[in-house]
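*Asks:* So here's run_6.cif, just mmCIF, C-alpha atoms (C1' of nucleotides):
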```cif
data_upload
#
loop_
_atom_site.label_atom_id
_atom_site.label_comp_id
_atom_site.auth_asym_id
_atom_site.auth_seq_id
_atom_site.Cartn_x
_atom_site.Cartn_y
_atom_site.Cartn_z
CA MET O 1 0.00 0.00 0.00
CA LYS O 2 1.90 3.01 -1.29
CA LEU O 3 1.10 6.33 0.35
CA VAL O 4 1.71 8.09 -2.90
CA ASN O 5 -1.41 6.56 -4.36
CA GLU O 6 -3.64 7.87 -1.61
CA MET O 7 -2.88 11.40 -2.61
CA GLU O 8 -3.56 12.96 -5.96
CA HIS O 9 -0.35 13.56 -7.87
CA SER O 10 -1.24 17.23 -8.30
CA GLU O 11 -1.63 17.48 -4.54
CA ILE O 12 1.92 16.26 -4.03
CA VAL O 13 3.21 18.69 -6.60
CA ASP O 14 1.28 21.47 -4.87
CA THR O 15 2.69 20.61 -1.47
CA ILE O 16 6.22 20.66 -2.80
CA ARG O 17 5.54 23.90 -4.60
CA GLU O 18 4.18 25.52 -1.47
CA ARG O 19 7.35 24.71 0.40
CA VAL O 20 9.36 26.49 -2.27
CA ILE O 21 7.01 29.47 -2.29
CA GLU O 22 7.28 29.69 1.49
CA SER O 23 11.04 29.58 1.27
CA VAL O 24 11.24 32.23 -1.41
CA SER O 25 8.74 34.50 0.32
CA GLN O 26 10.26 34.25 3.78
CA ASN O 27 13.52 35.52 2.39
CA MET O 28 12.13 38.23 0.17
CA TYR O 29 12.39 40.59 3.11
CA LEU O 30 15.80 41.45 1.65
CA TYR O 31 13.82 43.35 -0.95
CA GLY O 32 11.97 45.02 1.89
CA VAL O 33 8.62 43.34 1.37
CA SER O 34 6.48 41.50 3.91
CA PRO O 35 6.14 37.69 3.85
CA SER O 36 2.56 37.93 2.56
CA ILE O 37 3.66 39.96 -0.41
CA GLY O 38 6.47 37.51 -1.00
CA ARG O 39 4.01 34.65 -0.94
CA LEU O 40 1.85 36.47 -3.47
CA TYR O 41 4.81 36.89 -5.79
CA GLY O 42 5.67 33.21 -5.44
CA THR O 43 2.11 32.22 -6.22
CA LEU O 44 2.07 34.36 -9.34
CA PHE O 45 5.49 33.08 -10.40
CA PHE O 46 4.50 29.42 -10.21
CA ASN O 47 1.01 29.87 -11.54
CA GLY O 48 2.46 30.69 -14.92
CA LYS O 49 -0.75 32.13 -16.26
CA PRO O 50 -1.81 35.68 -15.28
CA MET O 51 -4.18 35.98 -12.33
CA THR O 52 -7.00 38.32 -11.36
CA LEU O 53 -7.38 39.84 -7.89
CA ASP O 54 -10.15 37.34 -7.23
CA ASP O 55 -7.91 34.43 -8.21
CA MET O 56 -5.30 35.61 -5.73
CA LYS O 57 -7.83 36.21 -3.02
CA GLU O 58 -9.09 32.68 -3.55
CA GLU O 59 -5.64 31.11 -3.68
CA LEU O 60 -4.23 32.85 -0.62
CA LYS O 61 -7.46 33.12 1.35
CA MET O 62 -6.98 36.78 1.98
CA SER O 63 -9.03 39.91 1.42
CA LYS O 64 -9.31 41.46 -2.01
CA THR O 65 -8.09 44.76 -0.59
CA SER O 66 -4.87 43.15 0.52
CA MET O 67 -4.38 41.65 -2.91
CA SER O 68 -4.94 45.03 -4.50
CA THR O 69 -2.38 46.84 -2.35
CA SER O 70 0.13 44.00 -2.41
CA VAL O 71 0.08 43.73 -6.17
CA ARG O 72 0.65 47.48 -6.40
CA THR O 73 3.72 47.16 -4.20
CA LEU O 74 5.03 44.38 -6.42
CA MET O 75 4.44 46.48 -9.50
CA GLU O 76 6.40 49.38 -8.01
CA LEU O 77 9.28 46.97 -7.51
CA ASN O 78 8.96 45.79 -11.12
CA MET O 79 8.27 42.28 -9.91
CA VAL O 80 4.80 42.05 -11.41
CA GLU O 81 3.26 43.38 -14.61
CA ARG O 82 -0.29 44.10 -15.59
CA VAL O 83 -1.28 42.30 -18.77
CA TRP O 84 -4.26 42.39 -21.09
CA ARG O 85 -6.28 39.56 -22.55
CA LYS O 86 -9.13 40.26 -24.93
CA GLY O 87 -12.54 39.42 -23.59
CA ILE O 88 -11.51 39.67 -19.94
CA ARG O 89 -12.69 42.72 -18.07
CA LYS O 90 -10.81 42.11 -14.86
CA ASP O 91 -7.24 43.31 -14.45
CA LEU O 92 -4.70 40.55 -14.97
CA TYR O 93 -1.32 40.38 -13.28
CA GLU O 94 1.68 38.29 -14.18
CA ALA O 95 4.96 37.69 -12.36
CA GLN O 96 8.10 39.16 -13.88
CA GLY O 97 10.05 35.94 -14.33
CA ASP O 98 13.54 37.30 -14.92
CA TRP O 99 15.13 37.27 -11.47
CA TYR O 100 18.37 38.79 -12.69
CA GLN O 101 16.37 41.72 -13.97
CA ILE O 102 14.52 42.00 -10.67
CA PHE O 103 17.80 42.04 -8.79
CA THR O 104 19.16 44.75 -11.07
CA ASP O 105 15.99 46.83 -10.99
CA PHE O 106 15.96 46.69 -7.23
CA PHE O 107 19.28 48.48 -7.06
CA SER O 108 18.34 50.92 -9.73
CA ASN O 109 15.10 51.85 -8.05
CA GLN O 110 15.75 51.63 -4.33
CA TRP O 111 19.46 52.13 -3.85
CA ARG O 112 19.86 54.85 -6.43
CA LYS O 113 17.03 56.79 -4.84
CA VAL O 114 18.92 56.60 -1.56
CA THR O 115 22.31 57.54 -2.93
CA ALA O 116 20.83 60.49 -4.79
CA MET O 117 19.09 61.90 -1.74
CA ASN O 118 22.01 61.36 0.58
CA THR O 119 24.54 62.79 -1.81
CA LYS O 120 22.46 65.91 -2.06
CA ALA O 121 22.20 66.32 1.71
CA VAL O 122 25.90 65.69 2.27
CA GLN O 123 26.94 68.00 -0.55
CA GLN O 124 24.82 70.73 0.96
CA SER O 125 26.48 70.23 4.33
CA LEU O 126 29.89 70.26 2.75
CA ASN O 127 29.15 73.59 1.09
CA GLU O 128 28.01 75.09 4.37
CA LEU O 129 31.17 73.99 6.14
CA THR O 130 33.30 75.38 3.32
CA GLN O 131 31.51 78.67 3.81
CA LEU O 132 32.10 78.52 7.56
CA MET O 133 35.81 77.88 7.09
CA ARG O 134 36.13 81.31 5.47
CA ASN O 135 35.48 82.92 8.85
CA PRO O 136 38.86 84.31 10.01
CA GLU O 137 37.94 84.25 13.69
CA LEU O 138 38.17 80.44 13.85
CA SER O 139 40.77 79.02 16.19
CA GLU O 140 43.14 76.35 14.98
CA THR O 141 41.43 73.59 16.99
CA GLU O 142 38.06 74.61 15.57
CA ARG O 143 39.47 74.41 12.05
CA GLU O 144 40.74 70.91 12.71
CA LEU O 145 37.35 69.80 14.02
CA ILE O 146 35.56 71.14 10.97
CA GLN O 147 38.17 69.68 8.67
CA ALA O 148 37.57 66.23 10.21
CA ASP O 149 33.87 66.47 9.38
CA MET O 150 34.56 67.70 5.88
CA ASP O 151 36.85 64.76 5.24
CA LYS O 152 34.08 62.39 6.28
CA TYR O 153 31.58 64.14 4.03
CA ARG O 154 33.93 63.83 1.06
CA TYR O 155 34.40 60.16 1.86
CA ILE O 156 30.64 59.59 1.86
CA ILE O 157 30.22 61.35 -1.47
CA ASP O 158 33.01 59.25 -2.98
CA TYR O 159 31.37 56.12 -1.66
CA TYR O 160 27.96 56.91 -3.15
CA ASN O 161 29.64 57.83 -6.39
CA TRP O 162 31.35 54.45 -6.44
CA LEU O 163 28.03 52.72 -5.73
CA ASN O 164 26.36 54.46 -8.64
CA HIS O 165 29.10 53.29 -10.98
CA LEU O 166 28.64 49.78 -9.65
CA PHE O 167 24.94 49.99 -10.48
CA ASP O 168 25.77 51.28 -13.98
CA PHE O 169 27.99 48.25 -14.39
CA LEU O 170 25.27 45.95 -13.10
CA GLU O 171 22.71 47.39 -15.50
CA SER O 172 25.06 47.26 -18.46
CA ASP O 173 24.83 43.45 -18.71
CA GLU O 174 28.63 43.40 -18.80
CA LEU O 175 28.86 42.37 -15.16
CA PHE O 176 26.32 39.62 -15.79
CA GLN O 177 28.52 38.14 -18.49
CA ILE O 178 31.72 38.40 -16.45
CA VAL O 179 30.18 36.52 -13.55
CA LYS O 180 28.79 33.92 -15.94
CA LYS O 181 32.26 33.42 -17.30
CA LYS O 182 33.66 33.05 -13.81
CA MET O 183 31.08 30.37 -13.07
CA ASP O 184 32.31 28.32 -16.02
CA GLN O 185 35.92 28.78 -15.00
CA GLY O 186 35.05 27.44 -11.58
CA LYS O 187 34.07 24.10 -13.08
CA SER O 188 36.84 21.51 -13.32
CA GLU O 189 35.87 20.40 -16.82
CA PRO O 190 37.48 22.14 -19.78
CA PRO O 191 35.01 24.27 -21.76
CA ALA O 192 34.15 21.52 -24.24
CA ASP O 193 31.17 22.21 -26.46
CA LEU O 194 28.37 20.08 -25.06
CA GLY O 195 25.62 21.60 -27.15
CA SER O 196 23.22 24.29 -26.00
CA MET V 1 24.93 91.88 13.62
CA LYS V 2 25.85 88.55 12.11
CA LEU V 3 23.73 85.59 13.13
CA VAL V 4 26.70 83.33 12.94
CA ASN V 5 28.22 85.05 15.93
CA GLU V 6 25.21 84.44 18.10
CA MET V 7 25.69 80.73 17.87
CA GLU V 8 28.76 78.85 18.93
CA HIS V 9 30.69 77.55 15.94
CA SER V 10 30.58 74.04 17.33
CA GLU V 11 26.78 74.30 17.49
CA ILE V 12 26.62 75.11 13.80
CA VAL V 13 28.88 72.18 12.99
CA ASP V 14 26.70 69.94 15.15
CA THR V 15 23.51 71.05 13.43
CA ILE V 16 24.99 70.34 10.03
CA ARG V 17 26.29 67.01 11.25
CA GLU V 18 22.89 66.02 12.59
CA ARG V 19 21.30 66.63 9.24
CA VAL V 20 23.78 64.25 7.66
CA ILE V 21 23.28 61.64 10.37
CA GLU V 22 19.53 61.88 9.88
CA SER V 23 19.94 61.44 6.15
CA VAL V 24 22.23 58.46 6.51
CA SER V 25 20.08 56.81 9.16
CA GLN V 26 16.77 57.31 7.39
CA ASN V 27 18.10 55.44 4.42
CA MET V 28 19.88 52.68 6.28
CA TYR V 29 16.65 50.69 6.13
CA LEU V 30 18.13 49.19 2.99
CA TYR V 31 20.34 47.24 5.36
CA GLY V 32 17.21 46.23 7.24
CA VAL V 33 17.79 48.30 10.36
CA SER V 34 15.43 50.73 12.05
CA PRO V 35 16.02 54.51 11.91
CA SER V 36 17.08 54.60 15.55
CA ILE V 37 19.80 52.07 14.94
CA GLY V 38 20.87 53.98 11.88
CA ARG V 39 21.10 57.15 13.92
CA LEU V 40 23.23 55.34 16.46
CA TYR V 41 25.59 54.21 13.75
CA GLY V 42 25.83 57.74 12.37
CA THR V 43 26.57 59.12 15.82
CA LEU V 44 29.35 56.61 16.35
CA PHE V 45 30.73 57.26 12.88
CA PHE V 46 31.01 61.01 13.34
CA ASN V 47 32.08 60.89 16.96
CA GLY V 48 35.39 59.43 15.83
CA LYS V 49 36.36 58.30 19.30
CA PRO V 50 34.85 55.09 20.74
CA MET V 51 31.78 55.51 22.93
CA THR V 52 30.35 53.74 25.97
CA LEU V 53 26.71 52.76 26.33
CA ASP V 54 26.27 55.68 28.70
CA ASP V 55 27.73 58.09 26.16
CA MET V 56 25.26 56.88 23.57
CA LYS V 57 22.35 56.99 25.99
CA GLU V 58 23.30 60.57 26.82
CA GLU V 59 23.81 61.61 23.19
CA LEU V 60 20.60 60.10 21.81
CA LYS V 61 18.47 60.54 24.94
CA MET V 62 17.36 56.94 24.88
CA SER V 63 17.42 54.08 27.36
CA LYS V 64 20.58 52.17 28.06
CA THR V 65 18.77 48.95 27.19
CA SER V 66 18.05 50.25 23.71
CA MET V 67 21.68 51.21 23.26
CA SER V 68 22.75 47.74 24.34
CA THR V 69 20.48 45.89 21.93
CA SER V 70 21.05 48.32 19.08
CA VAL V 71 24.80 48.11 19.33
CA ARG V 72 24.56 44.33 19.27
CA THR V 73 22.56 44.50 16.08
CA LEU V 74 25.19 46.74 14.55
CA MET V 75 27.94 44.37 15.61
CA GLU V 76 26.14 41.44 13.97
CA LEU V 77 26.12 43.46 10.76
CA ASN V 78 29.86 44.21 11.16
CA MET V 79 29.10 47.91 11.29
CA VAL V 80 30.44 48.41 14.80
CA GLU V 81 33.35 46.90 16.70
CA ARG V 82 34.05 46.55 20.37
CA VAL V 83 37.41 48.05 21.33
CA TRP V 84 39.54 48.08 24.44
CA ARG V 85 41.29 50.95 26.16
CA LYS V 86 43.39 50.32 29.23
CA GLY V 87 42.06 51.84 32.41
CA ILE V 88 38.45 51.94 31.16
CA ARG V 89 36.10 49.33 32.59
CA LYS V 90 33.09 50.12 30.45
CA ASP V 91 32.69 48.49 27.06
CA LEU V 92 33.73 50.76 24.23
CA TYR V 93 32.24 50.68 20.74
CA GLU V 94 33.56 52.19 17.56
CA ALA V 95 31.98 52.56 14.12
CA GLN V 96 33.43 50.47 11.33
CA GLY V 97 34.42 53.29 9.00
CA ASP V 98 35.00 51.38 5.77
CA TRP V 99 31.68 51.63 3.98
CA TYR V 100 32.82 49.52 1.04
CA GLN V 101 33.58 46.76 3.52
CA ILE V 102 30.18 47.18 5.15
CA PHE V 103 28.50 46.93 1.77
CA THR V 104 30.41 43.77 0.95
CA ASP V 105 29.87 42.20 4.35
CA PHE V 106 26.17 42.83 4.07
CA PHE V 107 25.97 40.56 1.06
CA SER V 108 28.19 37.97 2.60
CA ASN V 109 26.20 37.84 5.80
CA GLN V 110 22.60 38.41 4.81
CA TRP V 111 22.25 37.46 1.18
CA ARG V 112 24.44 34.41 1.33
CA LYS V 113 22.44 33.10 4.27
CA VAL V 114 19.31 33.47 2.16
CA THR V 115 20.72 31.89 -0.98
CA ALA V 116 22.06 28.94 1.00
CA MET V 117 18.75 28.21 2.70
CA ASN V 118 16.68 28.65 -0.43
CA THR V 119 18.96 26.57 -2.58
CA LYS V 120 18.68 23.76 -0.09
CA ALA V 121 14.88 23.90 -0.02
CA VAL V 122 14.58 24.07 -3.79
CA GLN V 123 17.11 21.29 -4.34
CA GLN V 124 15.12 19.10 -1.97
CA SER V 125 11.95 19.82 -3.89
CA LEU V 126 13.68 19.09 -7.17
CA ASN V 127 14.81 15.72 -5.87
CA GLU V 128 11.31 14.83 -4.78
CA LEU V 129 9.85 15.69 -8.17
CA THR V 130 12.57 13.66 -9.89
CA GLN V 131 11.53 10.75 -7.72
CA LEU V 132 7.89 11.31 -8.57
CA MET V 133 8.64 11.34 -12.29
CA ARG V 134 9.76 7.70 -12.06
CA ASN V 135 6.17 6.71 -11.42
CA PRO V 136 4.98 5.00 -14.66
CA GLU V 137 1.30 5.68 -13.99
CA LEU V 138 1.68 9.38 -14.73
CA SER V 139 -0.30 10.72 -17.64
CA GLU V 140 1.34 12.87 -20.27
CA THR V 141 -0.33 16.06 -19.05
CA GLU V 142 0.77 15.33 -15.50
CA ARG V 143 4.34 14.89 -16.70
CA GLU V 144 4.25 18.23 -18.46
CA LEU V 145 2.93 19.96 -15.35
CA ILE V 146 5.67 18.50 -13.20
CA GLN V 147 8.27 19.29 -15.82
CA ALA V 148 7.21 22.93 -15.79
CA ASP V 149 7.82 23.13 -12.05
CA MET V 150 11.15 21.36 -12.33
CA ASP V 151 12.30 23.84 -14.94
CA LYS V 152 11.46 26.68 -12.60
CA TYR V 153 13.33 25.03 -9.75
CA ARG V 154 16.42 24.63 -11.89
CA TYR V 155 16.15 28.25 -12.92
CA ILE V 156 16.07 29.34 -9.27
CA ILE V 157 19.10 27.23 -8.40
CA ASP V 158 21.02 28.70 -11.34
CA TYR V 159 20.08 32.17 -10.23
CA TYR V 160 21.28 31.67 -6.65
CA ASN V 161 24.43 30.12 -7.98
CA TRP V 162 25.04 33.17 -10.11
CA LEU V 163 24.44 35.44 -7.12
CA ASN V 164 26.99 33.58 -5.03
CA HIS V 165 29.58 34.02 -7.73
CA LEU V 166 28.75 37.71 -7.85
CA PHE V 167 29.38 37.91 -4.10
CA ASP V 168 32.69 36.07 -4.51
CA PHE V 169 33.61 38.65 -7.09
CA LEU V 170 32.57 41.47 -4.79
CA GLU V 171 34.62 40.11 -1.91
CA SER V 172 37.68 39.50 -4.05
CA ASP V 173 38.41 43.25 -4.31
CA GLU V 174 38.68 42.73 -8.06
CA LEU V 175 35.23 44.21 -8.67
CA PHE V 176 36.14 47.18 -6.48
CA GLN V 177 39.11 47.96 -8.68
CA ILE V 178 37.21 47.53 -11.93
CA VAL V 179 34.52 49.98 -10.86
CA LYS V 180 37.19 52.41 -9.66
CA LYS V 181 38.78 52.24 -13.08
CA LYS V 182 35.44 52.85 -14.75
CA MET V 183 34.97 55.95 -12.59
CA ASP V 184 38.23 57.39 -13.88
CA GLN V 185 37.33 56.55 -17.46
CA GLY V 186 34.09 58.45 -16.99
CA LYS V 187 36.00 61.69 -16.38
CA SER V 188 36.68 63.82 -19.44
CA GLU V 189 40.25 64.66 -18.42
CA PRO V 190 43.03 62.35 -19.57
CA PRO V 191 44.57 60.37 -16.69
CA ALA V 192 47.32 62.90 -16.02
CA ASP V 193 49.29 62.36 -12.83
CA LEU V 194 47.99 65.00 -10.45
CA GLY V 195 49.74 63.64 -7.37
CA SER V 196 48.15 61.46 -4.69
"C1'" DT M 1 34.17 38.09 51.74
"C1'" DC M 2 30.99 42.20 50.52
"C1'" DG M 3 29.81 46.35 48.05
"C1'" DT M 4 29.91 48.59 43.61
"C1'" DT M 5 29.66 49.07 38.82
"C1'" DT M 6 28.23 47.65 34.20
"C1'" DA M 7 25.66 44.99 30.75
"C1'" DT M 8 21.63 42.40 29.66
"C1'" DA M 9 17.18 39.50 30.38
"C1'" DC M 10 12.54 40.19 30.99
"C1'" DA M 11 7.87 42.06 31.38
"C1'" DG M 12 5.04 45.77 30.23
"C1'" DT M 13 3.74 49.71 27.19
"C1'" DT M 14 3.44 52.29 23.03
"C1'" DC M 15 3.14 52.77 18.30
"C1'" DA M 16 3.12 51.58 13.47
"C1'" DA M 17 2.33 48.13 9.94
"C1'" DA M 18 -0.64 44.55 8.08
"C1'" DC M 19 -4.96 43.07 7.25
"C1'" DT M 20 -10.19 43.14 6.97
"C1'" DG M 21 -14.96 44.76 5.73
"C1'" DT M 22 -17.56 48.32 4.01
"C1'" DA M 23 -18.57 52.01 1.22
"C1'" DC M 24 -17.74 54.42 -2.83
"C1'" DA M 25 -16.07 55.59 -7.68
"C1'" DA M 26 -15.12 54.33 -12.35
"C1'" DA M 27 -16.04 51.55 -16.25
"C1'" DC M 28 -19.03 48.99 -18.80
"C1'" DA M 29 -23.63 46.47 -20.67
"C1'" DG M 30 -28.09 46.86 -21.65
"C1'" DC B 1 -30.12 56.47 -18.34
"C1'" DT B 2 -30.06 52.31 -14.99
"C1'" DG B 3 -28.04 48.26 -13.12
"C1'" DT B 4 -23.84 45.62 -12.62
"C1'" DT B 5 -19.13 44.65 -12.11
"C1'" DT B 6 -14.46 45.73 -10.60
"C1'" DG B 7 -10.84 48.20 -8.11
"C1'" DT B 8 -9.57 51.16 -4.35
"C1'" DA B 9 -10.12 54.64 -0.31
"C1'" DC B 10 -11.01 54.62 4.28
"C1'" DA B 11 -11.83 53.43 9.10
"C1'" DG B 12 -11.34 49.99 12.50
"C1'" DT B 13 -8.90 45.92 14.47
"C1'" DT B 14 -5.12 42.96 15.25
"C1'" DT B 15 -0.41 41.89 15.55
"C1'" DG B 16 4.31 42.55 16.12
"C1'" DA B 17 8.34 45.60 16.58
"C1'" DA B 18 10.58 49.19 19.22
"C1'" DC B 19 11.39 51.11 23.34
"C1'" DT B 20 11.41 51.69 28.61
"C1'" DG B 21 12.17 50.59 33.60
"C1'" DT B 22 13.29 47.20 36.71
"C1'" DA B 23 15.52 43.21 38.21
"C1'" DT B 24 19.38 40.24 37.85
"C1'" DA B 25 23.92 38.42 36.49
"C1'" DA B 26 28.76 39.12 35.82
"C1'" DA B 27 33.02 41.50 36.68
"C1'" DC B 28 35.78 44.04 39.56
"C1'" DG B 29 37.82 46.61 43.92
"C1'" DA B 30 38.65 46.59 48.64
#
```
Output the file's structure in the form of structure tokens.
*Replies:*
Amino acid sequence: MKLVNEMEHSEIVDTIRERVIESVSQNMYLYGVSPSIGRLYGTLFFNGKPMTLDDMKEELKMSKTSMSTSVRTLMELNMVERVWRKGIRKDLYEAQGDWYQIFTDFFSNQWRKVTAMNTKAVQQSLNELTQLMRNPELSETERELIQADMDKYRYIIDYYNWLNHLFDFLESDELFQIVKKKMDQGKSEPPADLGS
Amino acid sequence: MKLVNEMEHSEIVDTIRERVIESVSQNMYLYGVSPSIGRLYGTLFFNGKPMTLDDMKEELKMSKTSMSTSVRTLMELNMVERVWRKGIRKDLYEAQGDWYQIFTDFFSNQWRKVTAMNTKAVQQSLNELTQLMRNPELSETERELIQADMDKYRYIIDYYNWLNHLFDFLESDELFQIVKKKMDQGKSEPPADLGS
DNA sequence: TCGTTTATACAGTTCAAACTGTACAAACAG
DNA sequence: CTGTTTGTACAGTTTGAACTGTATAAACGA
């Protein structure tokens, strides 16, 4: 009496799939999203076909409002796209399946926003200190104190500048290829042509 | 009557500094830490000298317990180090000042943990489906369904593998140098030797 | 040994994020 | 135009994270 026969095959596949979805979603907090939103992305990713808000609500047993807001969040992160199918009035959503693209977009959207804002604030502060340094009444110890801060501000600006160039590199597809090449080099086999 | 004279110079410097700390801390949520913890890091970074829990408590007007737990969080992220000074009984903490290192460590610590756990879960699922595919009773449509999931699992494993190689690259210092070089190329001036 | 100082464990409180149900607005069918 | 369907704004509730004060453990000095 094999247990496997007592359960529908599709049920087994579903159980396995849910474990993966859970795993993916639990760790999607690195993208700054809640586990529920992660689970929604996983569901969309494995469903293959686009889903309506009602499909999601049904699948995850959650409110339609939650589905609406969650899917918006995912769209802002470029992880989900709205698609159109003729004859269907409801909005349809589909998972963006290219995880390399998602990774890249994340840095472009979130990190660049941060570096831009911070650079601006630090640059502003640097200007103000430069202005202050023109004051001839400053004692030598005061000058040194201000200089220490200015050095730090310059360091921060350099750092954010470096980050932005890293993101350029990441987006350029060049980095993708270099890492791919390094993966192949890591293998012990010579790069024999084994067909696509 | 110049306003600048009505305020101590050090006060002005402090005000400017606080703006920068606020800016840095507000955006440190990308590392998954709360604004308060970010502010603590910023305070330590600009203070230069190591601080005790009581110093921090005084500076940020928060409870000593918060300082204790926050500083632990920062240490786990390799953003703060405990240091020793002879003659001082209290624990001293100092900001890790190398932001490139912090960036790199973040991926090593957080992202690698995630990729390792997920890869394991997905590999397990892949094995189970492989096992299931041996069942001769499966219909053709069932096989196709399972195959679709298996393809996705393989894709995920490839992706995490690629990420890990990217992190290797990042840690190797090689990527750091390449991006540095690209920054210089971006400048319009030829690479004339302008001294250190 | 005892008294003192410092860091943290723990329980309680506060506050913000996540989620739900309802009520409304926009789009469409007739 | 009226009735229907779909998505979202909003208010209320629940849950968990952040923070505090107190109590305790660990380290040290005498």
*Asks:* Residues of chain O within 7 Å of chain V, counting all atoms listed in the file - could you list those as a VMD selection string?
*Replies:* chain O and resid 16 20 23 to 24 27 114 118 121 to 122 125 162 165 to 166 179 to 180 183
*Asks:* Enumerate, in order of chain and increasing residue number, the residues of region 37-107 of chain V with an atom no farther than 9 Å from region 4-22 of chain B, each with its shortest atom pair and distance in Å to one decimal, counting all atoms listed in the file, as a tab-separated table.
*Replies:*
```
residue	atom	partner	partner_atom	distance
V:Met62	CA	B:DC19	C1'	8.5
V:Ser63	CA	B:DT20	C1'	6.6
V:Thr65	CA	B:DT20	C1'	8.0
V:Ser66	CA	B:DC19	C1'	6.7
```
*Asks:* Name the residues that the PyMOL selection byres ((chain M and resi 2-7) around 7) pulls out of this structure, and write them as a VMD selection string.
*Replies:* (chain V and resid 90) or (chain M and resid 1 8)
*Asks:* Which value, in Å to one decimal, gives the distance between CA of Met79 (chain O) and CA of Tyr41 (chain O)?
*Replies:* 7.6 Å
*Asks:* Give the residues of chain O that lie within 12 Å of chain M; count all atoms listed in the file, and format the answer as a PyMOL selection string.
*Replies:* chain O and resi 33-37+61-70+89-90
*Asks:* Suppose you want the space between CA of Asn109 (chain V) and CA of Lys57 (chain V); what is it in Å?
*Replies:*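 Answer for the CA of Asn109 (chain V) to CA of Lys57 (chain V) separation: 28.1 Å.
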